Amino acid sequence: MSPIDRIISAADTALRALAGADHAARPLPAPAVPPGEALDEASRRLAGALMRVNHVGEVCAQALYSAQALATRNPALRQQFEKAAREETDHLAWTQARLDDLGSRPSLLNPLWYAGAFALGLVAGRLGDRVSLGFIVETERQVEQHLQGHLDRLPAADHASRAIVAQMKADEAQHADNAQAAGAVELPAPVKLAMRAAAKVMTTTAHYI
Ligand SMILES: [Fe+2]
Ligand SMILES: [Fe+2]
């Protein structure tokens, strides 16, 4: 693809992510237990809020990978980013579907989160492939920990959300491993801390808005 094609493709990715127009290539992860009684109101609201936070995370994943694929000049690395991005598209579609089922809605601030994550992805990409990969490793590891936290907090009876979060967590771990294997550098501790602080702002806000 020419540079112009790639910019158009990045714009298309953004519009799809924000319009909820993405389709998953893989089926929705099946719950470990067949659906039983409907969730009570408090559980449904909590699960809706947590899955909205996860949906925001996946909106940001689209933006990050899209920006980093745009920034790299290495075709093999671009392919690796695009492959991970396709799995992130599954995550986005799954969390969207679950939000719908829970009668919840995506974050109203998604355009803002997308723009911020895209800018960060471009900056990481500009700093060179190994830094860009280091940024992916750290992001994916933090997301993996965050998703483990949600497995602890999601209502025990919400097997449908749990199945989605568990599969996402496994995929994020794989994305981190792949980025590590591709030559990621370790980011400095203050950068990691700043990333955690930014993620905290995002997840706290997305719980409500
Ligand atoms: Fe993801
Ligand atoms: Fe990921």
# chains A, B, ... in the order shown; residues from 1 in each chain; ligands from 1
$ select_by_dssp --residues "segment 8-130 of chain A" --states "alpha helix (DSSP H)" --output "number ranges by chain"
A: 8-19, 41-71, 75-101, 110-126, 129-130
$ residues_near_ligand --ligand "ligand 1" --cutoff "10 Å" --atoms "only C-alpha atoms and all ligand atoms" --output "VMD selection string"
chain A and resid 54 to 62 84 to 92 95 140 143 to 144 147 165 167 to 173 175
$ write_last_selection --atoms "N, CA, C and O atoms" --output "compact mmCIF listing (two decimals), in the first residue's frame"
# COMPACT_ATOMS: atom_id res chain seq x y z
N ASN A 54 -13.78 -2.14 29.49
CA ASN A 54 -13.01 -3.03 28.60
C ASN A 54 -13.20 -2.66 27.13
O ASN A 54 -12.28 -2.78 26.33
N HIS A 55 -14.40 -2.21 26.80
CA HIS A 55 -14.66 -1.76 25.43
C HIS A 55 -13.79 -0.53 25.11
O HIS A 55 -13.20 -0.47 24.03
N VAL A 56 -13.68 0.40 26.05
CA VAL A 56 -12.81 1.57 25.84
C VAL A 56 -11.37 1.11 25.61
O VAL A 56 -10.68 1.61 24.72
N GLY A 57 -10.93 0.12 26.40
CA GLY A 57 -9.58 -0.40 26.23
C GLY A 57 -9.36 -0.94 24.81
O GLY A 57 -8.30 -0.74 24.22
N GLU A 58 -10.38 -1.57 24.28
CA GLU A 58 -10.26 -2.14 22.93
C GLU A 58 -10.33 -1.05 21.86
O GLU A 58 -9.70 -1.17 20.81
N VAL A 59 -11.09 0.01 22.12
CA VAL A 59 -11.09 1.17 21.22
C VAL A 59 -9.67 1.73 21.16
O VAL A 59 -9.14 2.01 20.07
N CYS A 60 -9.04 1.84 22.31
CA CYS A 60 -7.67 2.36 22.37
C CYS A 60 -6.70 1.40 21.69
O CYS A 60 -5.74 1.85 21.04
N ALA A 61 -6.93 0.09 21.83
CA ALA A 61 -6.04 -0.89 21.18
C ALA A 61 -6.10 -0.71 19.67
O ALA A 61 -5.07 -0.78 18.98
N GLN A 62 -7.30 -0.47 19.12
CA GLN A 62 -7.43 -0.21 17.68
C GLN A 62 -6.56 0.99 17.30
O GLN A 62 -5.85 0.96 16.30
N ALA A 84 -2.17 -8.56 15.15
CA ALA A 84 -2.65 -8.30 16.51
C ALA A 84 -3.90 -7.43 16.46
O ALA A 84 -4.88 -7.66 17.19
N ALA A 85 -3.90 -6.45 15.55
CA ALA A 85 -5.05 -5.54 15.45
C ALA A 85 -6.31 -6.30 15.06
O ALA A 85 -7.41 -5.95 15.52
N ARG A 86 -6.17 -7.34 14.24
CA ARG A 86 -7.37 -8.12 13.87
C ARG A 86 -7.94 -8.82 15.09
O ARG A 86 -9.16 -8.94 15.25
N GLU A 87 -7.05 -9.30 15.98
CA GLU A 87 -7.55 -9.94 17.21
C GLU A 87 -8.18 -8.89 18.12
O GLU A 87 -9.16 -9.16 18.81
N GLU A 88 -7.60 -7.68 18.12
CA GLU A 88 -8.19 -6.60 18.92
C GLU A 88 -9.58 -6.24 18.36
O GLU A 88 -10.46 -5.82 19.11
N THR A 89 -9.75 -6.40 17.05
CA THR A 89 -11.06 -6.15 16.45
C THR A 89 -12.09 -7.15 16.98
O THR A 89 -13.24 -6.80 17.25
N ASP A 90 -11.66 -8.41 17.14
CA ASP A 90 -12.56 -9.40 17.77
C ASP A 90 -12.95 -8.92 19.16
O ASP A 90 -14.13 -8.96 19.53
N HIS A 91 -11.94 -8.48 19.92
CA HIS A 91 -12.22 -8.02 21.30
C HIS A 91 -13.23 -6.88 21.30
O HIS A 91 -14.12 -6.82 22.13
N LEU A 92 -13.02 -5.96 20.35
CA LEU A 92 -13.91 -4.80 20.27
C LEU A 92 -15.34 -5.24 19.98
O LEU A 92 -16.29 -4.79 20.64
N THR A 95 -16.84 -7.17 23.08
CA THR A 95 -17.24 -6.33 24.21
C THR A 95 -18.47 -5.49 23.82
O THR A 95 -19.34 -5.25 24.66
N GLU A 140 0.26 -4.20 26.81
CA GLU A 140 -0.45 -5.48 26.84
C GLU A 140 -0.33 -6.14 28.22
O GLU A 140 -1.29 -6.74 28.70
N VAL A 143 -2.72 -4.35 30.46
CA VAL A 143 -4.11 -4.73 30.14
C VAL A 143 -4.40 -6.13 30.70
O VAL A 143 -5.48 -6.38 31.26
N GLU A 144 -3.41 -7.01 30.56
CA GLU A 144 -3.58 -8.38 31.07
C GLU A 144 -3.87 -8.35 32.58
O GLU A 144 -4.79 -9.02 33.06
N LEU A 147 -7.34 -7.00 33.19
CA LEU A 147 -8.40 -7.97 32.89
C LEU A 147 -8.48 -9.02 34.00
O LEU A 147 -9.58 -9.47 34.35
N VAL A 165 -13.70 -11.95 28.69
CA VAL A 165 -12.54 -11.34 29.35
C VAL A 165 -11.39 -12.35 29.43
O VAL A 165 -10.22 -12.00 29.20
N GLN A 167 -10.71 -14.85 27.38
CA GLN A 167 -10.08 -15.02 26.06
C GLN A 167 -9.26 -13.79 25.70
O GLN A 167 -8.15 -13.90 25.15
N MET A 168 -9.77 -12.61 26.02
CA MET A 168 -9.02 -11.38 25.75
C MET A 168 -7.70 -11.39 26.51
O MET A 168 -6.64 -11.05 25.97
N LYS A 169 -7.76 -11.81 27.77
CA LYS A 169 -6.55 -11.83 28.60
C LYS A 169 -5.51 -12.75 27.98
O LYS A 169 -4.32 -12.40 27.91
N ALA A 170 -5.94 -13.92 27.49
CA ALA A 170 -5.00 -14.85 26.85
C ALA A 170 -4.41 -14.23 25.59
O ALA A 170 -3.20 -14.35 25.33
N ASP A 171 -5.24 -13.55 24.82
CA ASP A 171 -4.74 -12.92 23.58
C ASP A 171 -3.75 -11.79 23.89
O ASP A 171 -2.73 -11.66 23.22
N GLU A 172 -4.05 -10.98 24.91
CA GLU A 172 -3.16 -9.86 25.24
C GLU A 172 -1.79 -10.39 25.69
O GLU A 172 -0.76 -9.82 25.34
N ALA A 173 -1.80 -11.49 26.43
CA ALA A 173 -0.53 -12.09 26.87
C ALA A 173 0.28 -12.52 25.64
O ALA A 173 1.50 -12.32 25.59
N HIS A 175 0.04 -11.22 22.62
CA HIS A 175 0.51 -10.01 21.93
C HIS A 175 1.78 -9.48 22.60
O HIS A 175 2.71 -9.04 21.92
$ closest_residue --among "A:Ala199, A:Ala93, A:Ala10, A:Asp100" --to "Pro27 of chain A" --atoms "only C-alpha atoms"
A:Ala93
$ residues_around --residues "Arg78 of chain A" --least-positions-apart "4" --cutoff "12 Å" --atoms "only C-alpha atoms" --output "compact mmCIF listing (two decimals) with all heavy atoms, in the first residue's frame"
# COMPACT_ATOMS: atom_id res chain seq x y z
N MET A 1 0.84 -1.20 0.00
CA MET A 1 0.00 0.00 0.00
C MET A 1 0.88 1.26 0.00
O MET A 1 1.91 1.30 0.65
CB MET A 1 -0.90 0.02 1.24
CG MET A 1 -2.14 -0.85 1.12
SD MET A 1 -3.46 -0.31 2.22
CE MET A 1 -2.88 -0.85 3.81
N ARG A 6 -2.37 3.98 3.18
CA ARG A 6 -2.28 3.57 4.59
C ARG A 6 -2.96 4.60 5.50
O ARG A 6 -3.55 4.24 6.50
CB ARG A 6 -0.83 3.31 4.99
CG ARG A 6 -0.37 1.95 4.49
CD ARG A 6 0.89 1.46 5.12
NE ARG A 6 2.04 1.80 4.31
CZ ARG A 6 3.00 2.63 4.69
NH1 ARG A 6 2.97 3.17 5.88
NH2 ARG A 6 3.98 2.91 3.88
N TYR A 65 -2.56 0.24 17.72
CA TYR A 65 -1.99 -0.62 16.67
C TYR A 65 -2.07 0.05 15.31
O TYR A 65 -1.17 -0.09 14.48
CB TYR A 65 -2.68 -1.98 16.66
CG TYR A 65 -2.09 -2.94 17.66
CD1 TYR A 65 -2.79 -3.35 18.79
CD2 TYR A 65 -0.80 -3.45 17.48
CE1 TYR A 65 -2.24 -4.23 19.71
CE2 TYR A 65 -0.25 -4.33 18.39
CZ TYR A 65 -0.97 -4.72 19.50
OH TYR A 65 -0.41 -5.58 20.41
N SER A 66 -3.15 0.77 15.06
CA SER A 66 -3.31 1.45 13.78
C SER A 66 -2.20 2.49 13.61
O SER A 66 -1.56 2.58 12.56
CB SER A 66 -4.70 2.10 13.74
OG SER A 66 -4.84 2.91 12.63
N ALA A 67 -1.95 3.27 14.66
CA ALA A 67 -0.92 4.32 14.60
C ALA A 67 0.46 3.69 14.47
O ALA A 67 1.30 4.18 13.70
CB ALA A 67 -0.99 5.19 15.85
N GLN A 68 0.70 2.62 15.21
CA GLN A 68 2.03 2.02 15.17
C GLN A 68 2.29 1.33 13.83
O GLN A 68 3.41 1.36 13.33
CB GLN A 68 2.20 1.08 16.36
CG GLN A 68 2.39 1.90 17.64
CD GLN A 68 2.41 1.06 18.89
OE1 GLN A 68 1.36 0.65 19.36
NE2 GLN A 68 3.59 0.81 19.40
N ALA A 69 1.25 0.74 13.24
CA ALA A 69 1.40 0.14 11.91
C ALA A 69 1.69 1.24 10.89
O ALA A 69 2.47 1.04 9.95
CB ALA A 69 0.14 -0.62 11.52
N LEU A 70 1.09 2.40 11.10
CA LEU A 70 1.31 3.52 10.18
C LEU A 70 2.73 4.07 10.33
O LEU A 70 3.35 4.50 9.36
CB LEU A 70 0.29 4.62 10.52
CG LEU A 70 0.06 5.73 9.52
CD1 LEU A 70 -0.52 5.18 8.22
CD2 LEU A 70 -0.92 6.76 10.11
N ALA A 71 3.24 4.04 11.56
CA ALA A 71 4.53 4.69 11.85
C ALA A 71 5.73 3.84 11.44
O ALA A 71 6.77 4.37 11.07
CB ALA A 71 4.62 5.03 13.33
N THR A 72 5.60 2.51 11.50
CA THR A 72 6.78 1.69 11.24
C THR A 72 7.11 1.63 9.75
O THR A 72 6.23 1.69 8.90
CB THR A 72 6.62 0.24 11.78
OG1 THR A 72 7.86 -0.45 11.55
CG2 THR A 72 5.50 -0.50 11.10
N ARG A 73 8.42 1.50 9.45
CA ARG A 73 8.83 1.35 8.06
C ARG A 73 9.19 -0.11 7.77
O ARG A 73 9.64 -0.43 6.69
CB ARG A 73 10.04 2.25 7.77
CG ARG A 73 9.69 3.71 7.88
CD ARG A 73 10.74 4.59 7.22
NE ARG A 73 10.27 5.96 7.16
CZ ARG A 73 10.41 6.84 8.13
NH1 ARG A 73 11.01 6.48 9.25
NH2 ARG A 73 9.97 8.07 7.99
N ASN A 74 9.04 -0.95 8.77
CA ASN A 74 9.40 -2.36 8.64
C ASN A 74 8.15 -3.17 8.26
O ASN A 74 7.22 -3.30 9.06
CB ASN A 74 9.97 -2.82 10.00
CG ASN A 74 10.33 -4.29 10.01
OD1 ASN A 74 9.82 -5.07 9.21
ND2 ASN A 74 11.21 -4.66 10.93
N GLU A 82 -0.66 -5.62 12.36
CA GLU A 82 -1.97 -5.79 11.74
C GLU A 82 -2.64 -7.09 12.18
O GLU A 82 -3.86 -7.14 12.35
CB GLU A 82 -1.84 -5.72 10.20
CG GLU A 82 -1.59 -4.28 9.74
CD GLU A 82 -1.16 -4.13 8.30
OE1 GLU A 82 -0.91 -5.16 7.65
OE2 GLU A 82 -1.05 -2.99 7.82
N LYS A 83 -1.82 -8.13 12.39
CA LYS A 83 -2.39 -9.40 12.87
C LYS A 83 -2.95 -9.21 14.28
O LYS A 83 -4.07 -9.64 14.59
CB LYS A 83 -1.33 -10.51 12.87
CG LYS A 83 -1.86 -11.83 13.39
CD LYS A 83 -0.82 -12.94 13.29
CE LYS A 83 -1.39 -14.26 13.79
NZ LYS A 83 -1.70 -14.25 15.23
N ALA A 84 -2.17 -8.56 15.15
CA ALA A 84 -2.65 -8.30 16.51
C ALA A 84 -3.90 -7.43 16.46
O ALA A 84 -4.88 -7.66 17.19
CB ALA A 84 -1.56 -7.62 17.34
N ALA A 85 -3.90 -6.45 15.55
CA ALA A 85 -5.05 -5.54 15.45
C ALA A 85 -6.31 -6.30 15.06
O ALA A 85 -7.41 -5.95 15.52
CB ALA A 85 -4.76 -4.43 14.44
N GLY A 125 5.74 5.05 17.82
CA GLY A 125 6.25 4.60 16.52
C GLY A 125 7.41 5.46 16.04
O GLY A 125 8.38 4.96 15.48
N ASP A 129 11.30 1.25 16.11
CA ASP A 129 10.54 0.00 16.26
C ASP A 129 10.72 -0.65 17.62
O ASP A 129 9.76 -1.19 18.19
CB ASP A 129 10.97 -0.98 15.15
CG ASP A 129 10.42 -0.57 13.80
OD1 ASP A 129 9.47 0.24 13.77
OD2 ASP A 129 10.94 -1.05 12.78
N SER A 132 8.71 1.19 20.11
CA SER A 132 7.31 0.95 19.79
C SER A 132 6.88 -0.43 20.31
O SER A 132 5.81 -0.59 20.91
CB SER A 132 7.13 1.04 18.27
OG SER A 132 5.79 1.14 17.90
N LEU A 133 7.74 -1.42 20.10
CA LEU A 133 7.46 -2.77 20.60
C LEU A 133 7.46 -2.80 22.12
O LEU A 133 6.63 -3.48 22.74
CB LEU A 133 8.50 -3.75 20.05
CG LEU A 133 8.32 -4.13 18.57
CD1 LEU A 133 9.61 -4.74 18.01
CD2 LEU A 133 7.15 -5.09 18.40
N ALA A 179 5.50 -9.29 20.84
CA ALA A 179 6.22 -8.02 20.74
C ALA A 179 7.59 -8.14 21.42
O ALA A 179 8.59 -7.61 20.93
CB ALA A 179 5.40 -6.89 21.38
N ALA A 182 9.93 -9.93 19.20
CA ALA A 182 10.31 -9.16 18.00
C ALA A 182 11.37 -8.11 18.31
O ALA A 182 11.77 -7.36 17.42
CB ALA A 182 9.06 -8.50 17.40
$ closest_residue --among "A:Val201, A:Ala63, A:Ala181, A:Leu77" --to "ligand 2" --atoms "only C-alpha atoms and all ligand atoms"
A:Ala63
$ closest_residue --among "A:Glu138, A:Ala189, A:Ile8, A:Ala24" --to "ligand 2" --atoms "only C-alpha atoms and all ligand atoms"
A:Glu138
$ closest_residue --among "A:Leu64, A:Leu109, A:Ala197, A:Ala163" --to "ligand 2" --atoms "only C-alpha atoms and all ligand atoms"
A:Leu64
$ residues_around --residues "Ala47 of chain A" --least-positions-apart "3" --cutoff "9 Å" --atoms "only C-alpha atoms" --output "list in words"
Ala42, Ser43, Arg44, Leu50, Met51, Arg52, Leu99, Leu102, Ser104, Arg153, Leu154, Pro155, Asp158 and Ser161 of chain A
$ residues_around --residues "Leu18 of chain A" --least-positions-apart "3" --cutoff "8 Å" --atoms "only C-alpha atoms" --output "number ranges by chain"
A: 14-15, 21, 59, 110-111
$ write_last_selection --atoms "N, CA and C atoms" --output "mmCIF file, in the first residue's frame"
data_model
loop_
_atom_site.group_PDB
_atom_site.id
_atom_site.type_symbol
_atom_site.label_atom_id
_atom_site.label_comp_id
_atom_site.auth_asym_id
_atom_site.auth_seq_id
_atom_site.Cartn_x
_atom_site.Cartn_y
_atom_site.Cartn_z
ATOM 1 N N ALA A 14 -10.436 3.959 12.273
ATOM 2 C CA ALA A 14 -10.964 4.847 13.316
ATOM 3 C C ALA A 14 -12.488 4.936 13.225
ATOM 4 N N LEU A 15 -12.978 5.152 12.011
ATOM 5 C CA LEU A 15 -14.431 5.314 11.851
ATOM 6 C C LEU A 15 -15.177 4.044 12.233
ATOM 7 N N ALA A 21 -18.838 -0.568 13.968
ATOM 8 C CA ALA A 21 -19.151 -1.267 12.711
ATOM 9 C C ALA A 21 -18.278 -2.496 12.503
ATOM 10 N N VAL A 59 -11.089 0.006 22.121
ATOM 11 C CA VAL A 59 -11.092 1.169 21.216
ATOM 12 C C VAL A 59 -9.669 1.728 21.158
ATOM 13 N N ASN A 110 -15.462 7.960 23.689
ATOM 14 C CA ASN A 110 -14.602 7.127 22.833
ATOM 15 C C ASN A 110 -13.803 7.904 21.782
ATOM 16 N N PRO A 111 -14.384 8.928 21.122
ATOM 17 C CA PRO A 111 -13.570 9.674 20.149
ATOM 18 C C PRO A 111 -12.329 10.295 20.793
#
$ closest_residue --among "A:Ala115, A:Arg126, A:Asp101, A:Met195" --to "Arg141 of chain A" --atoms "only C-alpha atoms"
A:Met195
$ atom_distance --atom1 "atom CA of Arg162 of chain A" --atom2 "atom CA of Arg98 of chain A"
10.5 Å
$ closest_residue --among "A:Gln148, A:Gln174, A:Gln96, A:Ser107" --to "ligand 2" --atoms "only C-alpha atoms and all ligand atoms"
A:Gln174
$ atom_distance --atom1 "atom CA of Gly183 of chain A" --atom2 "atom CA of Gln80 of chain A"
12.4 Å
$ decode --residues "segment 2-50 of chain A" --atoms "C-alpha atoms" --output "PDB file, in the first residue's frame"
ATOM      1  CA  SER A   2       1.167   3.553  -0.685  1.00  0.00           C
ATOM      2  CA  PRO A   3       1.465   6.020   2.235  1.00  0.00           C
ATOM      3  CA  ILE A   4      -1.818   7.668   1.164  1.00  0.00           C
ATOM      4  CA  ASP A   5      -3.564   4.274   1.107  1.00  0.00           C
ATOM      5  CA  ARG A   6      -2.281   3.568   4.590  1.00  0.00           C
ATOM      6  CA  ILE A   7      -3.564   6.897   5.920  1.00  0.00           C
ATOM      7  CA  ILE A   8      -6.985   6.197   4.388  1.00  0.00           C
ATOM      8  CA  SER A   9      -6.909   2.721   5.907  1.00  0.00           C
ATOM      9  CA  ALA A  10      -6.094   4.236   9.329  1.00  0.00           C
ATOM     10  CA  ALA A  11      -9.027   6.648   8.986  1.00  0.00           C
ATOM     11  CA  ASP A  12     -11.277   3.733   8.041  1.00  0.00           C
ATOM     12  CA  THR A  13     -10.132   1.826  11.152  1.00  0.00           C
ATOM     13  CA  ALA A  14     -10.964   4.847  13.316  1.00  0.00           C
ATOM     14  CA  LEU A  15     -14.431   5.314  11.851  1.00  0.00           C
ATOM     15  CA  ARG A  16     -15.249   1.622  12.176  1.00  0.00           C
ATOM     16  CA  ALA A  17     -14.076   1.464  15.778  1.00  0.00           C
ATOM     17  CA  LEU A  18     -16.044   4.560  16.756  1.00  0.00           C
ATOM     18  CA  ALA A  19     -19.175   3.598  14.815  1.00  0.00           C
ATOM     19  CA  GLY A  20     -19.239   0.068  16.276  1.00  0.00           C
ATOM     20  CA  ALA A  21     -19.151  -1.267  12.711  1.00  0.00           C
ATOM     21  CA  ASP A  22     -16.540  -3.971  13.308  1.00  0.00           C
ATOM     22  CA  HIS A  23     -17.277  -7.680  13.044  1.00  0.00           C
ATOM     23  CA  ALA A  24     -15.366 -10.405  14.877  1.00  0.00           C
ATOM     24  CA  ALA A  25     -13.567 -13.030  12.797  1.00  0.00           C
ATOM     25  CA  ARG A  26     -13.762 -15.495  15.684  1.00  0.00           C
ATOM     26  CA  PRO A  27     -17.000 -16.564  17.383  1.00  0.00           C
ATOM     27  CA  LEU A  28     -17.938 -15.056  20.736  1.00  0.00           C
ATOM     28  CA  PRO A  29     -16.107 -17.057  23.468  1.00  0.00           C
ATOM     29  CA  ALA A  30     -18.564 -19.582  24.877  1.00  0.00           C
ATOM     30  CA  PRO A  31     -19.448 -19.307  28.588  1.00  0.00           C
ATOM     31  CA  ALA A  32     -18.139 -22.146  30.766  1.00  0.00           C
ATOM     32  CA  VAL A  33     -21.663 -22.636  32.121  1.00  0.00           C
ATOM     33  CA  PRO A  34     -24.807 -22.459  29.944  1.00  0.00           C
ATOM     34  CA  PRO A  35     -26.883 -19.320  30.578  1.00  0.00           C
ATOM     35  CA  GLY A  36     -29.163 -19.773  33.588  1.00  0.00           C
ATOM     36  CA  GLU A  37     -31.222 -17.170  35.392  1.00  0.00           C
ATOM     37  CA  ALA A  38     -30.960 -13.553  34.255  1.00  0.00           C
ATOM     38  CA  LEU A  39     -28.537 -11.407  36.265  1.00  0.00           C
ATOM     39  CA  ASP A  40     -30.055  -9.289  39.013  1.00  0.00           C
ATOM     40  CA  GLU A  41     -30.155  -5.537  38.406  1.00  0.00           C
ATOM     41  CA  ALA A  42     -27.095  -4.677  40.513  1.00  0.00           C
ATOM     42  CA  SER A  43     -24.990  -7.385  38.823  1.00  0.00           C
ATOM     43  CA  ARG A  44     -26.140  -6.315  35.377  1.00  0.00           C
ATOM     44  CA  ARG A  45     -25.194  -2.703  36.070  1.00  0.00           C
ATOM     45  CA  LEU A  46     -21.792  -3.613  37.479  1.00  0.00           C
ATOM     46  CA  ALA A  47     -21.043  -5.952  34.567  1.00  0.00           C
ATOM     47  CA  GLY A  48     -22.185  -3.235  32.137  1.00  0.00           C
ATOM     48  CA  ALA A  49     -19.824  -0.692  33.688  1.00  0.00           C
ATOM     49  CA  LEU A  50     -16.869  -3.108  33.695  1.00  0.00           C
TER      50      LEU A  50
END
